[in-house]
>>> print(open('entry-v3.cif').read())   # mmCIF, C-alpha atoms and all ligand atoms
data_my_file
loop_
_atom_site.label_atom_id
_atom_site.label_comp_id
_atom_site.auth_asym_id
_atom_site.auth_seq_id
_atom_site.Cartn_x
_atom_site.Cartn_y
_atom_site.Cartn_z
CA MET A 99 -4.92 42.80 -22.13
CA LEU A 100 -1.40 43.25 -20.72
CA THR A 101 0.11 42.69 -24.16
CA ARG A 102 -2.20 45.29 -25.69
CA ILE A 103 -1.15 47.84 -23.06
CA LYS A 104 2.50 47.08 -23.82
CA THR A 105 2.04 47.44 -27.58
CA TRP A 106 0.20 50.68 -27.06
CA LEU A 107 2.87 52.03 -24.70
CA THR A 108 5.66 51.03 -27.12
CA GLN A 109 4.02 52.91 -29.95
CA LEU A 110 3.35 55.94 -27.79
CA PHE A 111 6.98 56.03 -26.61
CA ARG A 112 8.25 55.70 -30.19
CA ILE A 113 6.11 58.60 -31.48
CA LEU A 114 7.00 60.80 -28.52
CA SER A 115 10.73 60.05 -28.64
CA ASP A 116 10.88 60.69 -32.42
CA TRP A 117 9.05 63.96 -31.98
CA LEU A 118 11.21 65.05 -29.05
CA ALA A 119 14.45 64.12 -30.84
CA LYS A 120 13.39 66.33 -33.76
CA LYS A 121 12.60 69.16 -31.35
CA ARG A 122 16.05 68.76 -29.72
CA PHE A 123 14.79 67.49 -26.36
CA ALA A 124 17.52 64.87 -26.42
CA PRO A 125 17.51 63.73 -22.70
CA ILE A 126 13.75 63.16 -22.79
CA ALA A 127 14.07 61.43 -26.12
CA TYR A 128 16.78 59.10 -24.66
CA LEU A 129 14.61 58.36 -21.68
CA LEU A 130 11.64 57.53 -23.85
CA THR A 131 13.78 55.28 -26.06
CA ASP A 132 14.99 53.52 -22.90
CA MET A 133 11.40 53.12 -21.69
CA ARG A 134 10.39 51.79 -25.08
CA GLU A 135 13.14 49.16 -24.96
CA ARG A 136 12.13 48.09 -21.42
CA VAL A 137 8.49 47.80 -22.48
CA GLN A 138 9.59 45.63 -25.41
CA ASP A 139 11.61 43.44 -23.00
CA MET A 140 8.53 43.11 -20.83
CA ALA A 141 6.43 42.18 -23.85
CA GLY A 142 9.03 39.43 -24.47
CA GLY A 143 8.46 38.03 -20.97
CA LYS A 144 11.29 39.80 -19.06
CA TYR A 145 9.18 41.40 -16.40
CA GLY A 146 10.30 43.77 -13.64
CA GLN A 147 12.37 46.06 -15.88
CA GLN A 148 13.65 49.19 -14.13
CA ILE A 149 15.12 52.41 -15.53
CA THR A 150 17.21 55.09 -13.87
CA THR A 151 17.68 58.81 -14.45
CA LYS A 152 19.70 61.58 -12.91
CA LYS A 153 17.10 64.13 -13.96
CA ARG A 154 14.73 65.70 -11.51
CA GLY A 155 11.25 67.07 -11.73
CA ILE A 156 8.71 65.62 -14.11
CA ILE A 157 11.22 63.22 -15.68
CA ALA A 158 12.09 61.71 -12.28
CA VAL A 159 8.35 61.32 -11.52
CA MET A 160 7.83 59.62 -14.90
CA VAL A 161 10.72 57.21 -14.26
CA GLU A 162 9.41 56.43 -10.77
CA ASP A 163 5.88 55.76 -12.13
CA PHE A 164 7.31 53.55 -14.85
CA ASN A 165 9.32 51.50 -12.34
CA VAL A 166 6.30 51.08 -10.02
CA MET A 167 4.19 49.98 -12.99
CA ALA A 168 6.86 47.48 -14.10
CA GLU A 169 7.17 46.05 -10.58
CA THR A 170 3.38 45.74 -10.14
CA ALA A 171 3.10 44.03 -13.51
CA GLU A 172 5.81 41.57 -12.48
CA GLN A 173 4.03 40.78 -9.21
CA ILE A 174 0.68 40.25 -10.93
CA ILE A 175 2.26 37.95 -13.50
CA LEU A 176 4.19 36.05 -10.80
CA SER A 177 1.13 35.52 -8.66
CA ALA A 178 -0.92 34.41 -11.70
CA THR A 179 1.86 31.97 -12.64
CA ASN A 180 1.99 30.63 -9.07
CA ASP A 181 -1.78 30.16 -9.00
CA ARG A 182 -1.67 28.38 -12.34
CA ASP A 183 1.19 26.09 -11.20
CA ARG A 184 -0.57 25.29 -7.93
CA LEU A 185 -3.80 24.51 -9.78
CA SER A 186 -2.02 22.30 -12.25
CA ILE A 187 -0.32 20.36 -9.40
CA VAL A 188 -3.68 19.89 -7.66
CA LEU A 189 -5.32 18.77 -10.91
CA SER A 190 -2.53 16.35 -11.77
CA ARG A 191 -2.60 14.75 -8.29
CA MET A 192 -6.39 14.41 -8.11
CA ALA A 193 -7.84 10.89 -8.19
CA ASP A 194 -10.89 12.17 -10.06
CA GLY A 195 -10.73 12.96 -13.74
CA ILE A 196 -11.28 16.62 -14.70
CA LEU A 197 -12.01 17.96 -18.17
CA VAL A 198 -12.72 21.57 -19.09
CA LEU A 199 -14.67 22.01 -22.31
CA GLY A 200 -15.61 25.08 -24.27
CA ARG A 201 -19.07 25.92 -25.56
CA ASP A 202 -18.16 24.09 -28.77
CA MET A 203 -17.26 20.99 -26.69
CA ARG A 204 -13.58 21.33 -27.46
CA ILE A 205 -11.33 20.14 -24.63
CA SER A 206 -9.16 22.88 -23.16
CA LEU A 207 -7.92 20.96 -20.11
CA ILE A 208 -7.64 17.29 -19.22
CA ASN A 209 -5.91 16.18 -16.02
CA THR A 210 -3.79 13.05 -15.53
CA ALA A 211 -6.61 11.01 -13.96
CA ALA A 212 -8.95 11.76 -16.87
CA GLN A 213 -6.20 10.81 -19.33
CA ARG A 214 -5.83 7.51 -17.45
CA ILE A 215 -9.56 6.82 -17.31
CA PHE A 216 -10.16 7.61 -20.99
CA LYS A 217 -6.81 6.12 -22.12
CA THR A 218 -5.73 9.29 -23.91
CA SER A 219 -3.05 11.96 -23.58
CA GLU A 220 -3.01 15.73 -23.39
CA SER A 221 -1.61 15.98 -26.92
CA LYS A 222 -4.38 13.77 -28.30
CA ALA A 223 -7.20 15.50 -26.41
CA ILE A 224 -6.49 19.24 -26.12
CA GLY A 225 -8.17 21.25 -28.85
CA ARG A 226 -10.20 18.26 -30.05
CA SER A 227 -13.94 17.93 -29.66
CA PHE A 228 -15.09 15.62 -26.85
CA ILE A 229 -16.61 13.07 -29.21
CA GLU A 230 -13.47 13.01 -31.35
CA ALA A 231 -11.08 12.61 -28.42
CA ILE A 232 -13.10 10.50 -25.97
CA ASN A 233 -15.85 9.09 -28.16
CA ASP A 234 -18.41 8.31 -25.48
CA SER A 235 -21.93 9.09 -26.57
CA ILE A 236 -23.53 8.78 -23.10
CA ILE A 237 -21.15 11.29 -21.50
CA TYR A 238 -21.50 13.46 -24.60
CA ASP A 239 -25.30 13.61 -24.00
CA ILE A 240 -24.72 14.62 -20.37
CA LEU A 241 -22.38 17.44 -21.47
CA ARG A 242 -24.85 18.53 -24.14
CA ARG A 243 -27.68 18.69 -21.57
CA CYS A 244 -25.44 20.67 -19.20
CA LEU A 245 -24.49 23.22 -21.88
CA ASP A 246 -28.05 23.55 -23.22
CA SER A 247 -29.77 23.85 -19.86
CA GLY A 248 -27.07 25.77 -17.98
CA PHE A 249 -27.62 23.41 -15.02
CA GLN A 250 -25.42 20.78 -13.43
CA GLN A 251 -26.02 17.25 -14.72
CA SER A 252 -24.84 14.04 -13.08
CA ALA A 253 -25.15 10.34 -13.83
CA PHE A 254 -23.58 6.92 -13.41
CA VAL A 255 -22.28 5.63 -16.68
CA GLU A 256 -21.25 2.15 -17.77
CA THR A 257 -18.77 2.32 -20.62
CA TYR A 258 -18.86 -1.05 -22.34
CA ALA A 259 -15.90 -0.39 -24.63
CA ARG A 260 -13.63 0.48 -21.71
CA GLN A 261 -15.44 -1.74 -19.19
CA LEU A 262 -15.65 1.03 -16.66
CA TYR A 263 -18.31 2.21 -14.26
CA LEU A 264 -18.07 5.98 -13.88
CA GLY A 265 -19.78 8.65 -11.83
CA VAL A 266 -19.84 11.85 -13.91
CA VAL A 267 -20.84 15.41 -12.99
CA ALA A 268 -20.97 18.16 -15.62
CA THR A 269 -21.12 21.71 -14.25
CA PRO A 270 -21.62 24.78 -16.46
CA LEU A 271 -18.95 27.50 -16.37
CA GLN A 272 -19.88 31.13 -15.74
CA TYR A 273 -21.08 33.29 -18.63
CA ASN A 274 -21.98 30.26 -20.74
CA GLN A 275 -18.31 29.65 -21.50
CA GLY A 276 -18.49 25.87 -21.49
CA CYS A 277 -18.47 23.29 -18.75
CA ILE A 278 -16.30 21.30 -16.41
CA LEU A 279 -16.63 17.53 -16.23
CA VAL A 280 -15.66 15.59 -13.10
CA VAL A 281 -15.28 11.84 -13.58
CA GLN A 282 -15.00 9.32 -10.75
CA ASN A 283 -13.86 5.81 -11.57
CA LEU A 284 -16.15 3.60 -9.46
CA THR A 285 -15.33 0.35 -11.25
CA GLU A 286 -13.43 -1.24 -8.36
CA ILE A 287 -15.92 -0.09 -5.72
CA ARG A 288 -18.78 -1.56 -7.73
CA ARG A 289 -16.88 -4.82 -8.26
CA LEU A 290 -16.35 -5.15 -4.49
CA GLU A 291 -19.98 -4.26 -3.85
CA MET A 292 -21.10 -6.97 -6.28
CA ILE A 293 -18.77 -9.52 -4.65
CA ARG A 294 -20.27 -8.65 -1.26
CA ARG A 295 -23.81 -8.98 -2.59
CA ASP A 296 -23.02 -12.28 -4.32
CA PHE A 297 -21.38 -13.51 -1.15
CA VAL A 298 -24.43 -12.81 1.01
CA ALA A 299 -26.71 -14.37 -1.63
CA ASN A 300 -24.47 -17.43 -1.88
CA VAL A 301 -24.21 -17.93 1.87
CA SER A 302 -27.97 -17.80 2.35
CA HIS A 303 -28.47 -20.10 -0.64
CA GLU A 304 -25.93 -22.63 0.64
CA LEU A 305 -27.36 -22.58 4.16
CA ARG A 306 -30.93 -22.98 2.99
CA THR A 307 -30.58 -26.58 1.72
CA PRO A 308 -29.16 -28.21 4.88
CA VAL A 309 -31.44 -26.16 7.14
CA ALA A 310 -34.50 -27.15 5.06
CA SER A 311 -33.41 -30.83 5.20
CA ILE A 312 -32.94 -30.73 8.98
CA LYS A 313 -36.34 -29.08 9.39
CA ALA A 314 -38.09 -31.65 7.17
CA LEU A 315 -36.37 -34.60 8.89
CA SER A 316 -37.07 -33.34 12.41
CA GLU A 317 -40.72 -32.58 11.53
CA THR A 318 -41.13 -36.10 10.19
CA LEU A 319 -39.58 -37.53 13.36
CA ASN A 320 -41.87 -35.37 15.45
CA ALA A 321 -44.90 -36.46 13.50
CA GLY A 322 -44.37 -40.07 14.63
CA ALA A 323 -41.36 -41.43 12.77
CA LEU A 324 -39.41 -41.32 16.03
CA GLU A 325 -41.38 -44.36 17.24
CA ASP A 326 -40.68 -46.20 13.99
CA LEU A 327 -37.26 -47.67 14.70
CA SER A 328 -36.80 -48.83 11.10
CA VAL A 329 -36.54 -45.19 9.90
CA SER A 330 -35.68 -43.09 12.94
CA GLY A 331 -32.01 -44.20 13.01
CA ASP A 332 -31.59 -43.31 9.35
CA PHE A 333 -33.31 -39.93 9.83
CA LEU A 334 -31.04 -39.04 12.75
CA GLN A 335 -27.99 -40.02 10.74
CA ARG A 336 -29.14 -37.77 7.88
CA ILE A 337 -29.65 -34.90 10.33
CA GLU A 338 -26.11 -35.47 11.56
CA VAL A 339 -24.77 -35.32 7.98
CA GLU A 340 -26.57 -32.03 7.36
CA VAL A 341 -25.33 -30.58 10.66
CA ASP A 342 -21.77 -31.63 9.74
CA LYS A 343 -22.19 -29.86 6.41
CA LEU A 344 -23.37 -26.71 8.21
CA ALA A 345 -20.49 -26.92 10.66
CA GLN A 346 -17.97 -27.34 7.81
CA MET A 347 -19.40 -24.35 5.99
CA ILE A 348 -19.34 -22.19 9.11
CA ASN A 349 -15.72 -23.20 9.77
CA GLU A 350 -14.66 -22.54 6.19
CA LEU A 351 -16.48 -19.19 6.10
CA GLY A 352 -14.75 -18.19 9.32
CA GLU A 353 -11.37 -19.23 7.95
CA LEU A 354 -11.94 -17.41 4.66
CA SER A 355 -13.04 -14.25 6.41
CA ASN A 356 -10.02 -14.41 8.75
CA ILE A 357 -7.59 -14.79 5.86
CA GLU A 358 -9.26 -12.10 3.78
CA SER A 359 -9.34 -9.58 6.59
CA GLY A 360 -5.70 -10.32 7.36
CA ASN A 361 -6.63 -11.25 10.94
CA SER A 362 -5.01 -14.65 10.92
CA SER A 363 -1.28 -14.48 10.80
CA LEU A 364 0.70 -17.40 9.44
CA ILE A 365 2.83 -19.45 11.80
CA LYS A 366 5.71 -20.25 9.49
CA LYS A 367 8.31 -22.92 10.17
CA PRO A 368 11.10 -24.22 7.92
CA THR A 369 9.57 -27.31 6.35
CA ASP A 370 10.57 -30.16 4.08
CA ILE A 371 7.49 -30.24 1.91
CA ALA A 372 8.12 -33.88 0.91
CA VAL A 373 7.61 -34.89 4.55
CA LEU A 374 4.41 -32.84 4.70
CA ILE A 375 3.11 -34.46 1.48
CA LYS A 376 3.78 -37.97 2.83
CA LYS A 377 2.01 -37.16 6.09
CA VAL A 378 -1.09 -35.90 4.23
CA ALA A 379 -0.99 -38.87 1.82
CA ASN A 380 -0.95 -41.30 4.76
CA ARG A 381 -4.01 -39.65 6.26
CA MET A 382 -5.88 -40.15 2.99
CA LEU A 383 -4.96 -43.83 2.41
CA ALA A 384 -8.14 -45.32 3.91
CA GLN A 385 -10.42 -42.98 1.97
CA LEU A 386 -8.50 -43.64 -1.26
CA SER A 387 -8.83 -47.39 -0.95
CA ARG A 388 -12.55 -47.04 -0.10
CA ASN A 389 -12.93 -45.21 -3.40
CA GLU A 390 -10.75 -47.75 -5.23
CA LEU A 391 -8.16 -45.14 -6.20
CA LYS A 392 -4.43 -45.62 -6.53
CA LEU A 393 -2.10 -43.06 -4.97
CA VAL A 394 1.36 -42.20 -6.30
CA VAL A 395 3.69 -39.80 -4.47
CA ASN A 396 6.47 -38.28 -6.56
CA THR A 397 8.92 -36.16 -4.60
CA PRO A 398 12.66 -35.69 -5.13
CA GLU A 399 15.11 -37.05 -2.57
CA VAL A 400 16.29 -33.60 -1.57
CA LEU A 401 14.04 -30.56 -1.39
CA PRO A 402 15.02 -27.12 -0.09
CA GLU A 403 13.26 -26.22 3.13
CA ILE A 404 10.45 -23.68 2.79
CA LYS A 405 9.14 -21.48 5.54
CA LEU A 406 5.42 -22.21 5.69
CA ASP A 407 2.42 -22.56 7.96
CA GLN A 408 2.31 -26.34 8.08
CA GLU A 409 -1.27 -26.68 9.30
CA ARG A 410 -2.62 -24.40 6.59
CA ILE A 411 -0.60 -25.89 3.72
CA GLU A 412 -1.70 -29.35 4.94
CA ARG A 413 -5.30 -28.18 4.64
CA VAL A 414 -4.63 -26.89 1.10
CA LEU A 415 -3.24 -30.29 0.10
CA LEU A 416 -6.08 -32.16 1.83
CA ASN A 417 -8.64 -30.09 -0.04
CA MET A 418 -6.93 -30.78 -3.36
CA ILE A 419 -6.79 -34.54 -2.67
CA HIS A 420 -10.43 -34.58 -1.44
CA ASN A 421 -11.48 -32.94 -4.70
CA SER A 422 -9.52 -35.44 -6.75
CA ILE A 423 -11.17 -38.30 -4.86
CA LYS A 424 -14.61 -36.73 -5.36
CA PHE A 425 -14.18 -36.22 -9.09
CA THR A 426 -12.27 -39.39 -10.06
CA PRO A 427 -14.20 -42.58 -10.78
CA PRO A 428 -13.07 -45.86 -9.12
CA GLY A 429 -10.01 -47.42 -10.72
CA GLY A 430 -8.40 -44.02 -11.28
CA GLN A 431 -5.12 -42.66 -10.02
CA ILE A 432 -4.08 -39.62 -7.98
CA THR A 433 -0.48 -38.42 -8.16
CA ILE A 434 1.04 -35.91 -5.75
CA SER A 435 4.31 -34.42 -7.02
CA ALA A 436 6.82 -31.80 -5.92
CA THR A 437 9.50 -30.24 -8.11
CA VAL A 438 12.16 -27.64 -7.44
CA LYS A 439 12.14 -24.56 -9.70
CA ALA A 440 14.61 -21.67 -9.84
CA ASP A 441 13.29 -19.87 -6.75
CA SER A 442 10.27 -21.89 -5.74
CA VAL A 443 8.97 -25.36 -5.02
CA GLU A 444 6.01 -26.48 -7.12
CA VAL A 445 3.51 -28.99 -5.78
CA ASN A 446 0.70 -30.55 -7.78
CA VAL A 447 -2.11 -33.02 -7.34
CA ALA A 448 -3.06 -34.74 -10.60
CA ASP A 449 -5.99 -37.08 -11.10
CA THR A 450 -7.49 -39.15 -13.89
CA GLY A 451 -11.02 -37.87 -13.14
CA ILE A 452 -13.76 -36.09 -15.03
CA GLY A 453 -11.69 -32.94 -15.67
CA ILE A 454 -12.80 -29.30 -15.71
CA GLU A 455 -14.14 -27.36 -18.71
CA PRO A 456 -11.85 -24.53 -19.97
CA ASP A 457 -14.54 -21.94 -19.12
CA ASP A 458 -14.61 -23.06 -15.51
CA ILE A 459 -10.94 -23.56 -14.89
CA ASP A 460 -10.10 -20.09 -13.57
CA ARG A 461 -13.39 -19.77 -11.73
CA ILE A 462 -12.90 -22.79 -9.46
CA PHE A 463 -10.84 -20.57 -7.13
CA GLU A 464 -13.80 -18.23 -6.59
CA ARG A 465 -15.85 -18.51 -3.44
CA PHE A 466 -18.82 -20.93 -3.75
CA TYR A 467 -17.94 -21.81 -7.32
CA LYS A 468 -18.88 -25.39 -8.15
CA VAL A 469 -18.74 -26.59 -11.74
CA ASP A 470 -21.68 -28.92 -11.37
CA LYS A 471 -23.73 -27.84 -8.38
CA ALA A 472 -25.89 -30.97 -8.45
CA HIS A 473 -22.96 -33.41 -8.42
CA SER A 474 -20.29 -31.86 -6.26
CA GLY A 475 -21.48 -33.87 -3.28
CA SER A 476 -20.66 -32.51 0.13
CA GLY A 477 -18.54 -29.64 -1.20
CA THR A 478 -19.16 -26.05 -0.17
CA GLY A 479 -17.26 -24.48 -3.08
CA LEU A 480 -15.04 -22.72 -0.55
CA GLY A 481 -12.08 -25.10 -0.38
CA LEU A 482 -10.12 -23.79 -3.35
CA ALA A 483 -10.92 -20.16 -2.48
CA ILE A 484 -9.33 -20.75 0.92
CA ALA A 485 -6.43 -22.59 -0.78
CA ARG A 486 -5.83 -19.61 -3.09
CA HIS A 487 -5.79 -17.14 -0.18
CA THR A 488 -3.49 -19.40 1.85
CA VAL A 489 -1.02 -19.87 -1.00
CA GLU A 490 -1.07 -16.16 -1.87
CA ALA A 491 -0.53 -15.26 1.81
CA HIS A 492 2.70 -17.31 1.51
CA GLY A 493 3.72 -15.26 -1.54
CA GLY A 494 2.92 -18.17 -3.86
CA ILE A 495 0.52 -18.83 -6.72
CA ILE A 496 -2.11 -21.48 -7.42
CA TRP A 497 -3.53 -22.58 -10.76
CA ALA A 498 -5.20 -25.47 -12.52
CA GLU A 499 -4.85 -27.37 -15.77
CA SER A 500 -7.27 -29.89 -17.11
CA ALA A 501 -8.24 -31.94 -20.15
CA ARG A 502 -11.95 -32.73 -20.25
CA GLY A 503 -12.57 -36.41 -19.41
CA LYS A 504 -8.88 -37.07 -18.85
CA GLY A 505 -8.31 -35.49 -15.45
CA SER A 506 -7.23 -32.34 -13.66
CA THR A 507 -4.05 -31.07 -12.09
CA ILE A 508 -4.07 -28.37 -9.43
CA TYR A 509 -0.70 -26.71 -8.88
CA PHE A 510 0.69 -24.38 -6.29
CA SER A 511 4.15 -22.98 -5.97
CA LEU A 512 5.75 -21.47 -2.89
CA PRO A 513 8.81 -19.22 -2.93
CA ILE A 514 12.04 -20.48 -1.45
CA THR A 515 13.19 -17.82 1.03
CA ASP A 516 16.43 -17.69 3.02
P1 LIG B 1 -15.79 -28.00 -3.13
O1 LIG B 1 -15.82 -27.92 -1.66
O2 LIG B 1 -17.12 -27.87 -3.79
O3 LIG B 1 -14.95 -29.10 -3.64
P2 LIG B 1 -13.67 -26.34 -4.07
O4 LIG B 1 -13.49 -24.88 -3.94
O5 LIG B 1 -12.64 -27.20 -3.46
O6 LIG B 1 -15.10 -26.63 -3.52
O7 LIG B 1 -13.78 -26.70 -5.61
C1 LIG B 1 -14.62 -25.91 -6.43
C2 LIG B 1 -15.08 -26.70 -7.62
O8 LIG B 1 -14.00 -26.93 -8.51
C3 LIG B 1 -15.62 -28.08 -7.31
O9 LIG B 1 -16.98 -28.03 -6.89
C4 LIG B 1 -15.47 -28.75 -8.66
O10 LIG B 1 -16.54 -28.40 -9.51
C5 LIG B 1 -14.19 -28.14 -9.22
N1 LIG B 1 -13.01 -29.02 -8.97
C6 LIG B 1 -12.06 -28.83 -8.04
N2 LIG B 1 -11.12 -29.79 -8.10
C7 LIG B 1 -11.50 -30.63 -9.10
C8 LIG B 1 -10.95 -31.82 -9.68
N3 LIG B 1 -9.82 -32.37 -9.21
N4 LIG B 1 -11.62 -32.37 -10.72
C9 LIG B 1 -12.74 -31.82 -11.19
N5 LIG B 1 -13.32 -30.70 -10.70
C10 LIG B 1 -12.71 -30.11 -9.67
#
>>> encode(input="entry-v3.cif", output="structure tokens")
Amino acid sequence: MLTRIKTWLTQLFRILSDWLAKKRFAPIAYLLTDMRERVQDMAGGKYGQQITTKKRGIIAVMVEDFNVMAETAEQIILSATNDRDRLSIVLSRMADGILVLGRDMRISLINTAAQRIFKTSESKAIGRSFIEAINDSIIYDILRRCLDSGFQQSAFVETYARQLYLGVVATPLQYNQGCILVVQNLTEIRRLEMIRRDFVANVSHELRTPVASIKALSETLNAGALEDLSVSGDFLQRIEVEVDKLAQMINELGELSNIESGNSSLIKKPTDIAVLIKKVANRMLAQLSRNELKLVVNTPEVLPEIKLDQERIERVLLNMIHNSIKFTPPGGQITISATVKADSVEVNVADTGIGIEPDDIDRIFERFYKVDKAHSGSGTGLGLAIARHTVEAHGGIIWAESARGKGSTIYFSLPITD
């Protein structure tokens, strides 16, 4: 619109100035030429052009009007530019993805978040049709419905190719000019929600078995077995075992929740980890010999001191050794080693046990994950999850390696800090 006015004014000034020059109205002709040049400058983007004249009367009024018009035009353009810049900052900082599409579904705007979500760029998306640039048929249908009906459409969409869970809202623009698509990336929120749901399901599942056993045993005792001394002792012992299992699970759940919520701070002390390993190994000697397992401790003479929470790291090691004992048949060997790396100390517990399948190896650090639920004995499936949190809280990492049937090695490394 503004450009058309400028073109029109330029032409008008040219005709008038030519005519006036011919008619010997030179000052007016000069003025009009000047005005024409200023209008051309404005058309080229140099707004706010001003002209001056020493003339009075109608010419002075004309000059004044021209200057006011030029100044107003500059202000309008400036304020439009400011609005556009502000809008583009807001859009680029928004966490939600925004796309503006025309009636023909061509993308005219895509903000940074949308580029991130759909793994594209402005240059690849602008001017292209939605299906060409984003290629998501479910969202395409939502946009189509929005454009056809003229009403807002919203949905939750699972994009398998990109493995995302998105909340999308398509709103029609005024005068049937297209629509605006708002995309919320809910993938992480849904993942956390699923973890929470799984957690509650797992806890109730894990609690059910010992509680059901205690109930059955106590009912049997109540029904008369209490008088039968040949069985009552055994029943009471089994109740005790189940209660111990419940107590262990409650303790471990409490510990896990404390670590996860960041409520339990570490009490770190400079520690020679070789001393800690020997202490833990000594505690396990009786259990190892009961299970006919050989223990080897492999630590270098000199190890740099590490600042760590001794009680917690002891528990990590105990859990790893307990697991090795549980999953290694009699006659096997368990080796605890420590090695110094560039900026960390690496500790591992290796056994000659049943090993872990490749598919399970990364999952053993998840809460309640047990490879073989029926044969993992008294385990709760929480030990390694707690170990992972503890090691990570120390700035370290934990991982496992295993060869099926040949044994497993669980590693953790802790950073050496000054
Ligand atoms: P649990 O209390 O059941 O031992 P963990 O979290 O300590 O729970 O271990 C999770 C699962 O990882 C175990 O149930 C077992 O299936 C597997 N696992 C851990 N350590 C070993 C190992 N040394 N050998 C074989 N499987 C293991």
>>> residues_near_ligand(input="entry-v3.cif", ligand="ligand LIG 1 (chain B)", cutoff="9 Å", atoms="only C-alpha atoms and all ligand atoms", output="ChimeraX atom specification")
/A:417-426,447-455,458-459,461-471,473-485,498,500,505-508
>>> residues_around(input="entry-v3.cif", residues="Val443 (chain A)", least_positions_apart="2", cutoff="6 Å", atoms="only C-alpha atoms", output="PyMOL selection string")
chain A and resi 437-439+511-512
>>> closest_residue(input="entry-v3.cif", among="A:Leu324, A:Arg381, A:Ser363, A:His487", to="Val414 (chain A)", atoms="only C-alpha atoms")
A:His487
>>> atom_distance(input="entry-v3.cif", atom1="CA of Pro456 (chain A)", atom2="CA of Met292 (chain A)")
24.1 Å
>>> residues_around(input="entry-v3.cif", residues="Arg201 (chain A)", least_positions_apart="2", cutoff="6 Å", atoms="only C-alpha atoms", output="PDB file with C-alpha atoms, in the frame of the given file")
ATOM      1  CA  MET A 203     -17.260  20.990 -26.690  1.00  0.00           C
ATOM      2  CA  GLN A 275     -18.310  29.650 -21.500  1.00  0.00           C
ATOM      3  CA  GLY A 276     -18.490  25.870 -21.490  1.00  0.00           C
TER       4      GLY A 276
END
>>> atom_distance(input="entry-v3.cif", atom1="CA of Glu162 (chain A)", atom2="CA of Leu176 (chain A)")
21.0 Å
>>> residues_around(input="entry-v3.cif", residues="region 401-404 of chain A", least_positions_apart="3", cutoff="6 Å", atoms="only C-alpha atoms", output="PyMOL selection string")
chain A and resi 368-370+514
>>> residues_near_point(input="entry-v3.cif", point="(13.6, 57.0, -27.8)", cutoff="8 Å", atoms="all atoms listed in the file", output="ChimeraX atom specification")
/A:111-112,114-116,119,126-134
>>> write_last_selection(input="entry-v3.cif", atoms="C-alpha atoms", output="compact mmCIF listing (two decimals), in the coordinates of the input")
# COMPACT_ATOMS: atom_id res chain seq x y z
CA PHE A 111 6.98 56.03 -26.61
CA ARG A 112 8.25 55.70 -30.19
CA LEU A 114 7.00 60.80 -28.52
CA SER A 115 10.73 60.05 -28.64
CA ASP A 116 10.88 60.69 -32.42
CA ALA A 119 14.45 64.12 -30.84
CA ILE A 126 13.75 63.16 -22.79
CA ALA A 127 14.07 61.43 -26.12
CA TYR A 128 16.78 59.10 -24.66
CA LEU A 129 14.61 58.36 -21.68
CA LEU A 130 11.64 57.53 -23.85
CA THR A 131 13.78 55.28 -26.06
CA ASP A 132 14.99 53.52 -22.90
CA MET A 133 11.40 53.12 -21.69
CA ARG A 134 10.39 51.79 -25.08
>>> atom_distance(input="entry-v3.cif", atom1="CA of Arg410 (chain A)", atom2="CA of Glu304 (chain A)")
24.1 Å
